[in-house]
file coords34.txt (compact mmCIF, C-alpha atoms)
# COMPACT_ATOMS: atom_id res chain seq x y z
CA MET A 1371 26.34 -7.08 16.09
CA ARG A 1372 25.43 -4.25 18.42
CA ILE A 1373 21.94 -2.74 18.79
CA LEU A 1374 22.37 1.03 18.82
CA GLU A 1375 18.69 1.87 19.12
CA ALA A 1376 16.01 -0.80 19.46
CA GLN A 1377 13.23 1.41 18.16
CA ASN A 1378 14.34 4.33 16.07
CA ALA A 1379 10.98 4.84 14.32
CA VAL A 1380 7.64 3.16 13.67
CA LEU A 1381 6.62 2.42 10.09
CA THR A 1382 3.11 1.92 8.76
CA ASN A 1383 2.26 -0.87 6.32
CA VAL A 1384 2.03 1.50 3.37
CA GLU A 1385 5.58 2.71 4.05
CA VAL A 1386 6.96 -0.82 4.23
CA TYR A 1387 4.92 -1.86 1.19
CA THR A 1388 6.20 1.10 -0.83
CA PHE A 1389 9.78 0.43 0.23
CA LEU A 1390 9.63 -3.26 -0.70
CA SER A 1391 7.84 -2.84 -4.01
CA ASP A 1392 10.23 -0.04 -5.01
CA GLN A 1393 13.14 -2.29 -4.07
CA ALA A 1394 11.72 -5.14 -6.18
CA LYS A 1395 11.40 -2.79 -9.19
CA GLN A 1396 14.85 -1.32 -8.65
CA TYR A 1397 16.53 -4.73 -8.39
CA GLN A 1398 14.74 -5.84 -11.53
CA SER A 1399 15.83 -2.81 -13.54
CA GLN A 1400 19.43 -3.31 -12.36
CA LYS A 1401 19.22 -7.03 -13.17
CA ARG A 1402 20.23 -7.67 -9.60
CA ARG A 1403 19.10 -10.38 -7.20
CA GLY A 1404 19.24 -9.99 -3.48
CA PRO A 1405 20.16 -12.88 -1.17
CA SER A 1406 17.59 -15.69 -1.47
CA ASN A 1407 16.29 -15.21 2.09
CA LEU A 1408 15.45 -11.60 1.26
CA GLU A 1409 13.89 -12.43 -2.13
CA THR A 1410 11.62 -15.05 -0.53
CA LEU A 1411 10.61 -12.86 2.39
CA ARG A 1412 9.94 -9.86 0.16
CA ALA A 1413 7.63 -11.90 -2.08
CA GLU A 1414 5.74 -13.23 0.97
CA MET A 1415 5.34 -9.77 2.43
CA LEU A 1416 4.09 -8.22 -0.80
CA LYS A 1417 1.58 -11.06 -1.01
CA TYR A 1418 0.43 -10.37 2.55
CA PHE A 1419 -0.16 -6.69 1.81
CA GLU A 1420 -1.94 -7.47 -1.46
CA THR A 1421 -4.40 -9.95 0.05
CA PRO A 1422 -7.91 -8.55 0.65
CA PRO A 1423 -9.24 -7.11 2.91
CA ASN A 1424 -5.90 -5.38 3.33
CA PRO A 1425 -6.50 -1.89 1.88
CA LEU A 1426 -3.21 -2.16 -0.02
CA SER A 1427 -4.78 -4.96 -2.10
CA GLN A 1428 -6.79 -2.28 -3.89
CA LYS A 1429 -5.35 -1.21 -7.24
CA PRO A 1430 -4.52 1.54 -7.95
CA LEU A 1431 -3.36 2.08 -4.37
CA PRO A 1432 -6.11 3.98 -2.54
CA TYR A 1433 -3.60 6.06 -0.53
CA ASP A 1434 0.12 6.61 -0.18
CA VAL A 1435 2.68 7.76 2.37
CA ALA A 1436 1.67 11.40 1.83
CA SER A 1437 -1.86 10.59 3.05
CA ILE A 1438 -0.62 9.88 6.60
CA PRO A 1439 0.01 13.50 7.72
CA VAL A 1440 -3.33 14.50 6.16
CA LEU A 1441 -5.12 11.80 8.14
CA LEU A 1442 -3.34 12.73 11.39
CA GLN A 1443 -4.33 16.35 10.94
CA ARG A 1444 -7.97 15.53 10.21
CA LEU A 1445 -8.18 13.17 13.20
CA GLN A 1446 -6.37 15.52 15.57
CA PRO A 1447 -9.57 16.94 17.22
CA TYR A 1448 -10.58 13.43 18.31
CA ASN A 1449 -7.55 12.69 20.54
CA ILE A 1450 -6.77 9.37 18.92
CA THR A 1451 -3.51 7.88 20.19
CA LYS A 1452 -0.48 7.27 18.01
CA GLY A 1453 -0.94 3.49 18.16
CA GLU A 1454 -4.58 3.82 17.17
CA CYS A 1455 -3.63 6.07 14.24
CA ILE A 1456 -1.12 3.49 13.03
CA MET A 1457 -3.84 0.83 13.08
CA VAL A 1458 -6.24 3.14 11.25
CA VAL A 1459 -3.67 3.61 8.49
CA ASN A 1460 -2.88 -0.11 8.34
CA LEU A 1461 -6.38 -1.56 8.59
CA ARG A 1462 -8.52 1.31 7.27
CA PRO A 1463 -11.61 0.54 9.37
CA THR A 1464 -14.62 1.78 7.40
CA THR A 1465 -17.36 0.09 9.41
CA SER A 1466 -18.42 0.77 12.95
CA ALA A 1467 -17.41 -2.74 14.08
CA ALA A 1468 -13.98 -2.51 12.48
CA LEU A 1469 -13.44 0.92 14.05
CA ASN A 1470 -14.52 -0.45 17.42
CA ALA A 1471 -11.80 -3.08 17.20
CA VAL A 1472 -9.15 -0.43 16.65
CA LEU A 1473 -10.23 2.26 19.13
CA GLU A 1474 -10.03 1.47 22.81
CA ASP A 1475 -13.32 2.09 24.64
CA MET A 1476 -14.87 3.62 21.52
CA GLU A 1477 -18.38 3.77 22.95
CA GLY A 1478 -17.18 5.60 26.05
CA ARG A 1479 -14.98 8.08 24.20
CA PHE A 1480 -17.03 8.97 21.15
CA SER A 1481 -20.68 9.68 20.47
CA GLU A 1482 -22.29 7.91 17.52
CA GLN A 1483 -22.07 11.11 15.54
CA GLN A 1484 -18.35 11.38 16.23
CA GLN A 1485 -17.86 7.74 15.21
CA ASP A 1486 -19.54 8.49 11.89
CA GLU A 1487 -17.38 11.58 11.44
CA ILE A 1488 -14.22 9.51 12.04
CA ILE A 1489 -15.32 6.86 9.55
CA ASN A 1490 -16.09 9.54 6.96
CA ILE A 1491 -12.64 11.09 7.41
CA ILE A 1492 -11.03 7.67 6.99
CA ILE A 1493 -12.99 7.07 3.78
CA GLU A 1494 -12.20 10.54 2.45
CA VAL A 1495 -8.45 10.27 3.08
CA LEU A 1496 -7.77 6.53 2.71
CA GLY A 1497 -10.62 5.49 0.38
CA GLU A 1498 -12.77 2.38 0.67
CA PHE A 1499 -13.49 -0.80 -1.23
CA PRO A 1500 -15.90 -0.27 -4.11
CA PRO A 1501 -19.53 -1.20 -3.38
CA PRO A 1502 -20.52 -4.80 -4.05
CA ALA A 1503 -20.76 -5.65 -7.73
CA GLU A 1504 -24.17 -6.76 -8.97
CA GLU A 1505 -23.08 -9.81 -10.90
CA GLY A 1506 -19.97 -11.03 -12.56
CA ASP A 1507 -17.01 -13.34 -12.56
CA GLU A 1508 -15.00 -14.58 -9.61
CA ASP A 1509 -13.08 -11.34 -9.29
CA ALA A 1510 -16.28 -9.46 -8.78
CA MET A 1511 -17.26 -12.00 -6.13
CA GLY A 1512 -14.06 -11.20 -4.29
CA THR A 1513 -14.95 -7.55 -4.27
CA THR A 1514 -18.42 -8.38 -3.03
CA GLU A 1515 -17.07 -10.26 -0.09
CA ASN A 1516 -14.72 -7.53 0.91
CA GLY A 1517 -16.70 -4.49 0.01
CA ARG A 1518 -18.85 -2.70 2.50
CA MET B 984 3.51 -3.65 13.00
CA PHE B 985 6.92 -2.51 11.84
CA ILE B 986 9.73 -0.55 13.43
CA LEU B 987 13.18 0.62 12.41
CA THR B 988 16.08 -0.63 14.52
CA LYS B 989 19.54 0.92 14.40
CA ILE B 990 22.37 -1.62 14.37
CA ALA B 991 26.17 -1.50 14.20
CA ASP B 992 27.99 -4.48 12.73
CA LEU B 993 31.07 -5.65 10.90
CA VAL B 994 30.53 -6.67 7.29
CA GLN B 995 33.09 -8.92 5.61
CA ILE B 996 33.19 -8.77 1.84
CA PRO B 997 34.89 -11.72 0.13
CA PRO B 998 37.11 -11.09 -2.93
CA SER B 999 34.49 -12.75 -5.15
CA GLN B 1000 32.22 -9.76 -4.55
CA PHE B 1001 34.82 -7.06 -5.27
CA GLU B 1002 33.37 -6.43 -8.71
CA GLN B 1003 30.14 -5.17 -7.13
CA HIS B 1004 29.77 -1.58 -6.05
CA SER B 1005 30.65 -1.54 -2.37
CA ARG B 1006 27.20 -0.17 -1.49
CA VAL B 1007 25.57 -3.15 -3.19
CA ALA B 1008 27.99 -5.61 -1.60
CA ILE B 1009 27.37 -4.15 1.87
CA GLU B 1010 23.59 -4.20 1.44
CA ASN B 1011 23.62 -7.79 0.18
CA ASN B 1012 25.80 -8.93 3.06
CA ILE B 1013 23.57 -7.25 5.64
CA ASN B 1014 20.42 -8.70 4.10
CA ALA B 1015 21.95 -12.17 3.78
CA LYS B 1016 22.72 -12.08 7.49
CA TYR B 1017 19.56 -10.48 8.87
CA SER B 1018 16.64 -10.93 6.48
CA ASN B 1019 14.02 -13.36 7.84
CA ARG B 1020 15.97 -13.81 11.09
CA VAL B 1021 14.71 -13.10 14.58
CA ILE B 1022 16.79 -10.98 16.94
CA GLN B 1023 15.76 -11.67 20.52
CA LYS B 1024 13.62 -8.90 22.05
CA ILE B 1025 13.84 -6.94 18.79
CA GLY B 1026 11.71 -8.87 16.29
CA LEU B 1027 11.76 -10.48 12.86
CA CYS B 1028 14.18 -8.61 10.60
CA ILE B 1029 12.85 -7.81 7.14
CA CYS B 1030 15.61 -5.94 5.28
CA MET B 1031 18.06 -3.06 5.46
CA TYR B 1032 16.26 0.30 5.28
CA ASP B 1033 19.20 2.65 4.95
CA LEU B 1034 22.97 2.63 5.43
CA LEU B 1035 23.87 5.38 7.89
CA TRP B 1036 27.62 5.05 7.93
CA ALA B 1037 30.42 2.80 6.63
CA SER B 1038 34.11 2.82 7.49
CA GLU B 1039 36.97 2.46 5.03
CA GLY B 1040 37.46 -1.15 4.04
CA LEU B 1041 40.37 -2.88 5.76
CA ILE B 1042 41.80 -5.98 4.20
CA GLY B 1043 42.07 -8.81 6.70
CA HIS B 1044 45.33 -10.72 7.09
CA GLY B 1045 45.45 -14.13 5.51
CA ASN B 1046 41.98 -14.33 4.02
CA GLY B 1047 41.68 -11.27 1.78
CA LEU B 1048 38.29 -10.35 3.22
CA VAL B 1049 37.54 -6.65 3.28
CA ASN B 1050 36.24 -5.66 6.71
CA VAL B 1051 33.84 -2.73 6.83
CA ASN B 1052 32.27 -1.34 9.99
CA VAL B 1053 28.73 -0.23 9.28
CA GLU B 1054 25.77 1.41 10.96
CA PHE B 1055 22.40 0.91 9.39
CA ARG B 1056 18.67 0.86 10.03
CA ILE B 1057 16.66 -2.26 9.39
CA ILE B 1058 12.91 -2.82 9.02
CA VAL B 1059 11.67 -5.15 11.76
CA PHE B 1060 8.33 -6.89 12.23
CA ARG B 1061 7.40 -6.22 15.83
CA PRO B 1062 3.72 -5.58 16.47
CA PHE B 1063 3.04 -3.71 19.69
CA LYS B 1064 0.87 -5.09 22.47
CA GLY B 1065 -2.74 -4.25 21.75
CA GLU B 1066 -2.13 -3.91 18.02
CA ILE B 1067 -4.72 -5.35 15.63
CA LEU B 1068 -3.44 -7.27 12.60
CA PHE B 1069 -4.84 -9.18 9.68
CA GLY B 1070 -4.06 -12.89 9.63
CA LYS B 1071 -5.33 -16.17 8.29
CA ILE B 1072 -6.55 -19.18 10.27
CA SER B 1073 -4.05 -21.95 9.58
CA SER B 1074 -5.45 -24.63 11.89
CA ALA B 1075 -7.74 -25.26 14.81
CA SER B 1076 -7.60 -27.61 17.77
CA GLN B 1077 -9.28 -27.90 21.14
CA ASP B 1078 -6.67 -25.48 22.49
CA GLY B 1079 -7.69 -22.71 20.11
CA LEU B 1080 -6.67 -21.31 16.76
CA GLN B 1081 -3.37 -21.03 14.96
CA ILE B 1082 -3.06 -17.88 12.89
CA ARG B 1083 -0.47 -17.06 10.28
CA THR B 1084 0.47 -14.34 7.88
CA GLU B 1085 2.28 -15.04 4.62
CA PHE B 1086 5.62 -14.29 6.28
CA PHE B 1087 5.09 -15.16 9.97
CA GLU B 1088 3.42 -18.30 11.26
CA GLU B 1089 3.81 -18.30 15.01
CA ILE B 1090 0.56 -16.78 16.22
CA SER B 1091 -1.88 -18.55 18.53
CA VAL B 1092 -5.25 -17.60 19.93
CA SER B 1093 -6.27 -19.64 22.96
CA TYR B 1094 -9.87 -20.86 23.18
CA LYS B 1095 -10.14 -18.64 26.24
CA GLU B 1096 -9.64 -15.65 23.98
CA LEU B 1097 -12.58 -16.45 21.68
CA PRO B 1098 -15.91 -14.73 22.35
CA GLU B 1099 -18.51 -16.18 24.71
CA ASN B 1100 -20.67 -18.96 23.30
CA THR B 1101 -17.90 -20.27 21.09
CA GLU B 1102 -17.67 -24.06 20.93
CA TYR B 1103 -15.40 -26.58 19.29
CA ASP B 1104 -17.01 -28.76 16.63
CA HIS B 1105 -15.16 -32.07 16.79
CA ASN B 1106 -16.51 -33.31 13.47
CA GLU B 1107 -15.54 -30.25 11.51
CA LYS B 1108 -12.45 -29.56 13.64
CA ALA B 1109 -13.41 -25.90 13.79
CA TRP B 1110 -14.48 -23.36 16.38
CA VAL B 1111 -17.99 -22.09 16.02
CA TRP B 1112 -19.42 -18.88 17.45
CA VAL B 1113 -23.11 -19.30 18.22
CA VAL B 1114 -25.04 -16.02 18.03
CA ASP B 1115 -28.85 -16.15 18.24
CA GLU B 1116 -28.79 -19.75 17.07
CA GLU B 1117 -26.74 -18.81 14.04
CA ARG B 1118 -23.53 -20.84 13.81
CA MET B 1119 -20.58 -18.82 12.57
CA HIS B 1120 -17.48 -20.85 11.74
CA TYR B 1121 -13.86 -19.95 12.21
CA ASP B 1122 -12.94 -21.81 9.03
CA LYS B 1123 -9.44 -22.65 7.92
CA ASN B 1124 -7.86 -20.00 5.65
CA GLU B 1125 -10.45 -17.41 6.68
CA MET B 1126 -9.06 -13.88 7.02
CA VAL B 1127 -9.34 -12.59 10.57
CA ARG B 1128 -8.52 -9.56 12.63
CA PHE B 1129 -6.83 -10.38 15.93
CA GLN B 1130 -5.29 -8.31 18.69
CA VAL B 1131 -1.78 -8.96 19.98
CA LEU B 1132 -1.86 -9.83 23.68
CA ASP B 1133 1.62 -11.01 24.39
CA GLU B 1134 4.90 -12.15 22.89
CA THR B 1135 7.33 -14.89 23.88
CA TRP B 1136 11.00 -15.17 23.04
CA ASP B 1137 13.24 -18.19 23.00
CA ASP B 1138 16.93 -17.83 22.31
CA GLN B 1139 17.11 -21.45 21.08
CA LEU B 1140 20.20 -22.10 23.18
CA PRO B 1141 20.56 -25.83 23.86
CA GLU B 1142 20.93 -27.04 27.45
CA SER B 1143 23.95 -29.12 26.46
CA GLY B 1144 26.00 -30.03 23.44
CA ASP B 1145 24.08 -33.27 22.82
CA GLN B 1146 22.51 -33.53 19.41
CA GLU B 1147 19.20 -34.23 21.07
CA ALA B 1148 19.37 -31.07 23.16
CA VAL B 1149 20.43 -29.04 20.12
CA ASP B 1150 17.50 -30.37 18.07
CA ARG B 1151 15.09 -29.73 20.91
CA ALA B 1152 16.28 -26.12 21.30
CA LYS B 1153 15.92 -25.53 17.58
CA SER B 1154 12.38 -26.88 17.49
CA VAL B 1155 11.16 -24.00 19.67
CA SER B 1156 10.27 -20.90 17.68
CA PRO B 1157 12.39 -17.90 18.58
CA TYR B 1158 9.46 -15.48 18.55
CA THR B 1159 5.77 -16.23 19.02
CA LEU B 1160 2.72 -14.04 19.42
CA LYS B 1161 -0.39 -14.66 21.48
CA GLY B 1162 -3.58 -13.03 20.33
CA THR B 1163 -7.18 -12.46 21.29
CA MET B 1164 -10.44 -12.13 19.38
CA MET B 1165 -12.51 -11.08 22.38
CA LYS B 1166 -13.78 -7.75 21.13
CA GLU B 1167 -16.43 -6.63 18.70
CA GLY B 1168 -14.87 -6.27 15.26
CA LEU B 1169 -12.26 -9.00 15.82
CA GLY B 1170 -12.46 -12.50 14.36
CA VAL B 1171 -13.46 -13.42 10.82
CA CYS B 1172 -13.43 -10.22 8.71
CA LEU B 1173 -16.51 -11.26 6.70
CA TRP B 1174 -18.66 -11.06 9.82
CA TRP B 1175 -18.10 -7.37 10.22
CA ASP B 1176 -17.44 -5.78 6.84

call {"tool": "encode", "arguments": {"input": "coords34.txt", "output": "structure tokens"}}
result
Amino acid sequence: MRILEAQNAVLTNVEVYTFLSDQAKQYQSQKRRGPSNLETLRAEMLKYFETPPNPLSQKPLPYDVASIPVLLQRLQPYNITKGECIMVVNLRPTTSAALNAVLEDMEGRFSEQQQDEIINIIIEVLGEFPPPAEEGDEDAMGTTENGR
Amino acid sequence: MFILTKIADLVQIPPSQFEQHSRVAIENNINAKYSNRVIQKIGLCICMYDLLWASEGLIGHGNGLVNVNVEFRIIVFRPFKGEILFGKISSASQDGLQIRTEFFEEISVSYKELPENTEYDHNEKAWVWVVDEERMHYDKNEMVRFQVLDETWDDQLPESGDQEAVDRAKSVSPYTLKGTMMKEGLGVCLWWD
């Protein structure tokens, strides 16, 4: 084995999730099984992505790979770094506290109005969890816990 | 969280797999070798992303294996320093918290990296963050956001050929992450959302 390039590109969660779920579907339609280490790992990873509050747990998927350039363009005026953008795509912070975790020195860099603008852009492009359900079964409880 | 790494390697396809399309046989061999394995200073390999190049197959002398030189890109789990991830609390001790994801378990958060006014409850075996007299628990299996502080690598090479040394080397995880929750918005997700 020889490493030709340690880091050729960075992938967001939605790209990896799409790749793995497409692979699972493709293998199934071809009646093909990958090596057992891959099959196990793939199932674990899909489960990770589909566990709330991961935004990818929302069905239908609230955003896809095509949403990334749209988000980058909308956030461009705010000088958010590449790493921060990756975290925004992966974690979809839609509250002020969650955004604070992702942006370094948020209070120093952005006014409250700007913070609200950023959150609104995130919600517009990447969606958000539905508002808490009034009453219902256990599923609805899950949404309550993870909704805003 | 994920990167693509470009690798060159030699794939050996045994005669039993000749009935497969060579693309399928190559992909399966690469994934069998790399998937769920840690490459030192690279990360945890997930699976082949794309095959960039493959040589003609050359049949080896004596064993009938077809040798193919390949170049491919592979998806690797390698969060960057400062990155925030979702995880789940798997256990707690006086030293801090152990965090895991479904596919990666070696994440620890030292008690020094929990917010001020956090104390260990010996009865409940859980860390508790006390805010205005409200006691907020870091319960087991709770979903958290944590920030990656540091990574450690261990090549698992034994100091000698003794079985004991070999076992000891293997008991160390090849790749571990250290995290922090010392920032508003980190810690148990329910507190913030």

call {"tool": "interface_residues", "arguments": {"input": "coords34.txt", "of": "chain A", "to": "chain B", "cutoff": "8 Å", "atoms": "all atoms listed in the file", "output": "number ranges by chain"}}
result
A: 1371-1383, 1386, 1404-1408, 1411-1412, 1414-1415, 1417-1418, 1423-1424, 1453, 1457, 1461, 1465, 1467-1472, 1515-1518

call {"tool": "residues_around", "arguments": {"input": "coords34.txt", "residues": "Tyr1433 (chain A)", "least_positions_apart": "4", "cutoff": "10 Å", "atoms": "all atoms listed in the file", "output": "MDAnalysis selection string"}}
result
chainID A and resid 1384 1425:1426 1428 1437:1438 1459 1495:1498

call {"tool": "atom_distance", "arguments": {"input": "coords34.txt", "atom1": "CA of Val1131 (chain B)", "atom2": "CA of Gln1485 (chain A)"}}
result
23.7 Å

call {"tool": "residues_around", "arguments": {"input": "coords34.txt", "residues": "Lys1095 (chain B)", "least_positions_apart": "3", "cutoff": "12 Å", "atoms": "only C-alpha atoms", "output": "PyMOL selection string"}}
result
chain B and resi 1077-1080+1091-1092+1098-1103+1110+1161-1165

call {"tool": "residues_around", "arguments": {"input": "coords34.txt", "residues": "region 1441-1443 of chain A", "least_positions_apart": "3", "cutoff": "12 Å", "atoms": "all atoms listed in the file", "output": "PDB file with C-alpha atoms, keeping the file's coordinate frame"}}
result
ATOM      1  CA  TYR A1433      -3.600   6.060  -0.530  1.00  0.00           C
ATOM      2  CA  ASP A1434       0.120   6.610  -0.180  1.00  0.00           C
ATOM      3  CA  VAL A1435       2.680   7.760   2.370  1.00  0.00           C
ATOM      4  CA  ALA A1436       1.670  11.400   1.830  1.00  0.00           C
ATOM      5  CA  SER A1437      -1.860  10.590   3.050  1.00  0.00           C
ATOM      6  CA  ILE A1438      -0.620   9.880   6.600  1.00  0.00           C
ATOM      7  CA  GLN A1446      -6.370  15.520  15.570  1.00  0.00           C
ATOM      8  CA  PRO A1447      -9.570  16.940  17.220  1.00  0.00           C
ATOM      9  CA  TYR A1448     -10.580  13.430  18.310  1.00  0.00           C
ATOM     10  CA  ASN A1449      -7.550  12.690  20.540  1.00  0.00           C
ATOM     11  CA  ILE A1450      -6.770   9.370  18.920  1.00  0.00           C
ATOM     12  CA  THR A1451      -3.510   7.880  20.190  1.00  0.00           C
ATOM     13  CA  LYS A1452      -0.480   7.270  18.010  1.00  0.00           C
ATOM     14  CA  GLY A1453      -0.940   3.490  18.160  1.00  0.00           C
ATOM     15  CA  GLU A1454      -4.580   3.820  17.170  1.00  0.00           C
ATOM     16  CA  CYS A1455      -3.630   6.070  14.240  1.00  0.00           C
ATOM     17  CA  ILE A1456      -1.120   3.490  13.030  1.00  0.00           C
ATOM     18  CA  VAL A1458      -6.240   3.140  11.250  1.00  0.00           C
ATOM     19  CA  VAL A1459      -3.670   3.610   8.490  1.00  0.00           C
ATOM     20  CA  ARG A1462      -8.520   1.310   7.270  1.00  0.00           C
ATOM     21  CA  ILE A1488     -14.220   9.510  12.040  1.00  0.00           C
ATOM     22  CA  ILE A1489     -15.320   6.860   9.550  1.00  0.00           C
ATOM     23  CA  ASN A1490     -16.090   9.540   6.960  1.00  0.00           C
ATOM     24  CA  ILE A1491     -12.640  11.090   7.410  1.00  0.00           C
ATOM     25  CA  ILE A1492     -11.030   7.670   6.990  1.00  0.00           C
ATOM     26  CA  ILE A1493     -12.990   7.070   3.780  1.00  0.00           C
ATOM     27  CA  GLU A1494     -12.200  10.540   2.450  1.00  0.00           C
ATOM     28  CA  VAL A1495      -8.450  10.270   3.080  1.00  0.00           C
ATOM     29  CA  LEU A1496      -7.770   6.530   2.710  1.00  0.00           C
ATOM     30  CA  GLY A1497     -10.620   5.490   0.380  1.00  0.00           C
TER      31      GLY A1497
END

call {"tool": "atom_distance", "arguments": {"input": "coords34.txt", "atom1": "CA of Asn1124 (chain B)", "atom2": "CA of Trp1136 (chain B)"}}
result
26.1 Å

call {"tool": "atom_distance", "arguments": {"input": "coords34.txt", "atom1": "CA of Leu1140 (chain B)", "atom2": "CA of Ala1152 (chain B)"}}
result
5.9 Å

call {"tool": "build_atoms", "arguments": {"input": "coords34.txt", "residues": "region 1029-1047 of chain B", "atoms": "N, CA, C and O atoms", "output": "JSON list (two decimals), in the coordinates of the input"}}
result
[["chain", "number", "residue", "atom", "x", "y", "z"],
["B", 1029, "ILE", "N", 13.35, -7.72, 8.52],
["B", 1029, "ILE", "CA", 12.85, -7.81, 7.14],
["B", 1029, "ILE", "C", 14.01, -7.50, 6.19],
["B", 1029, "ILE", "O", 14.49, -8.39, 5.49],
["B", 1030, "CYS", "N", 14.44, -6.25, 6.12],
["B", 1030, "CYS", "CA", 15.61, -5.94, 5.28],
["B", 1030, "CYS", "C", 16.18, -4.59, 5.66],
["B", 1030, "CYS", "O", 15.53, -3.80, 6.36],
["B", 1031, "MET", "N", 17.40, -4.32, 5.17],
["B", 1031, "MET", "CA", 18.06, -3.06, 5.46],
["B", 1031, "MET", "C", 17.23, -1.92, 4.91],
["B", 1031, "MET", "O", 16.73, -1.99, 3.79],
["B", 1032, "TYR", "N", 17.04, -0.86, 5.71],
["B", 1032, "TYR", "CA", 16.26, 0.30, 5.28],
["B", 1032, "TYR", "C", 17.18, 1.38, 4.72],
["B", 1032, "TYR", "O", 17.01, 1.85, 3.62],
["B", 1033, "ASP", "N", 18.19, 1.74, 5.49],
["B", 1033, "ASP", "CA", 19.20, 2.65, 4.95],
["B", 1033, "ASP", "C", 20.55, 2.43, 5.65],
["B", 1033, "ASP", "O", 20.61, 1.95, 6.78],
["B", 1034, "LEU", "N", 21.61, 2.74, 4.90],
["B", 1034, "LEU", "CA", 22.97, 2.63, 5.43],
["B", 1034, "LEU", "C", 23.35, 4.00, 5.97],
["B", 1034, "LEU", "O", 23.37, 4.98, 5.23],
["B", 1035, "LEU", "N", 23.62, 4.08, 7.28],
["B", 1035, "LEU", "CA", 23.87, 5.38, 7.89],
["B", 1035, "LEU", "C", 25.34, 5.77, 7.81],
["B", 1035, "LEU", "O", 25.69, 6.93, 7.66],
["B", 1036, "TRP", "N", 26.20, 4.75, 7.89],
["B", 1036, "TRP", "CA", 27.62, 5.05, 7.93],
["B", 1036, "TRP", "C", 28.41, 3.78, 7.59],
["B", 1036, "TRP", "O", 27.97, 2.68, 7.93],
["B", 1037, "ALA", "N", 29.54, 3.94, 6.88],
["B", 1037, "ALA", "CA", 30.42, 2.80, 6.63],
["B", 1037, "ALA", "C", 31.86, 3.28, 6.71],
["B", 1037, "ALA", "O", 32.20, 4.37, 6.23],
["B", 1038, "SER", "N", 32.69, 2.46, 7.35],
["B", 1038, "SER", "CA", 34.11, 2.82, 7.49],
["B", 1038, "SER", "C", 34.84, 2.51, 6.19],
["B", 1038, "SER", "O", 34.30, 1.92, 5.27],
["B", 1039, "GLU", "N", 36.10, 2.92, 6.11],
["B", 1039, "GLU", "CA", 36.97, 2.46, 5.03],
["B", 1039, "GLU", "C", 37.10, 0.95, 5.13],
["B", 1039, "GLU", "O", 37.03, 0.39, 6.22],
["B", 1040, "GLY", "N", 37.26, 0.29, 3.99],
["B", 1040, "GLY", "CA", 37.46, -1.15, 4.04],
["B", 1040, "GLY", "C", 38.89, -1.50, 4.43],
["B", 1040, "GLY", "O", 39.83, -0.91, 3.92],
["B", 1041, "LEU", "N", 39.04, -2.42, 5.36],
["B", 1041, "LEU", "CA", 40.37, -2.88, 5.76],
["B", 1041, "LEU", "C", 40.54, -4.33, 5.35],
["B", 1041, "LEU", "O", 39.68, -5.16, 5.68],
["B", 1042, "ILE", "N", 41.61, -4.60, 4.66],
["B", 1042, "ILE", "CA", 41.80, -5.98, 4.20],
["B", 1042, "ILE", "C", 42.34, -6.83, 5.33],
["B", 1042, "ILE", "O", 43.34, -6.48, 5.98],
["B", 1043, "GLY", "N", 41.66, -7.94, 5.60],
["B", 1043, "GLY", "CA", 42.07, -8.81, 6.70],
["B", 1043, "GLY", "C", 43.33, -9.58, 6.32],
["B", 1043, "GLY", "O", 43.58, -9.86, 5.15],
["B", 1044, "HIS", "N", 44.12, -9.93, 7.32],
["B", 1044, "HIS", "CA", 45.33, -10.72, 7.09],
["B", 1044, "HIS", "C", 44.96, -12.15, 6.76],
["B", 1044, "HIS", "O", 44.09, -12.73, 7.39],
["B", 1045, "GLY", "N", 45.59, -12.70, 5.75],
["B", 1045, "GLY", "CA", 45.45, -14.13, 5.51],
["B", 1045, "GLY", "C", 44.29, -14.54, 4.65],
["B", 1045, "GLY", "O", 44.40, -15.46, 3.85],
["B", 1046, "ASN", "N", 43.13, -13.84, 4.77],
["B", 1046, "ASN", "CA", 41.98, -14.33, 4.02],
["B", 1046, "ASN", "C", 41.51, -13.39, 2.91],
["B", 1046, "ASN", "O", 40.66, -13.74, 2.11],
["B", 1047, "GLY", "N", 42.04, -12.19, 2.85],
["B", 1047, "GLY", "CA", 41.68, -11.27, 1.78],
["B", 1047, "GLY", "C", 40.32, -10.65, 1.91],
["B", 1047, "GLY", "O", 39.87, -9.92, 1.03]]
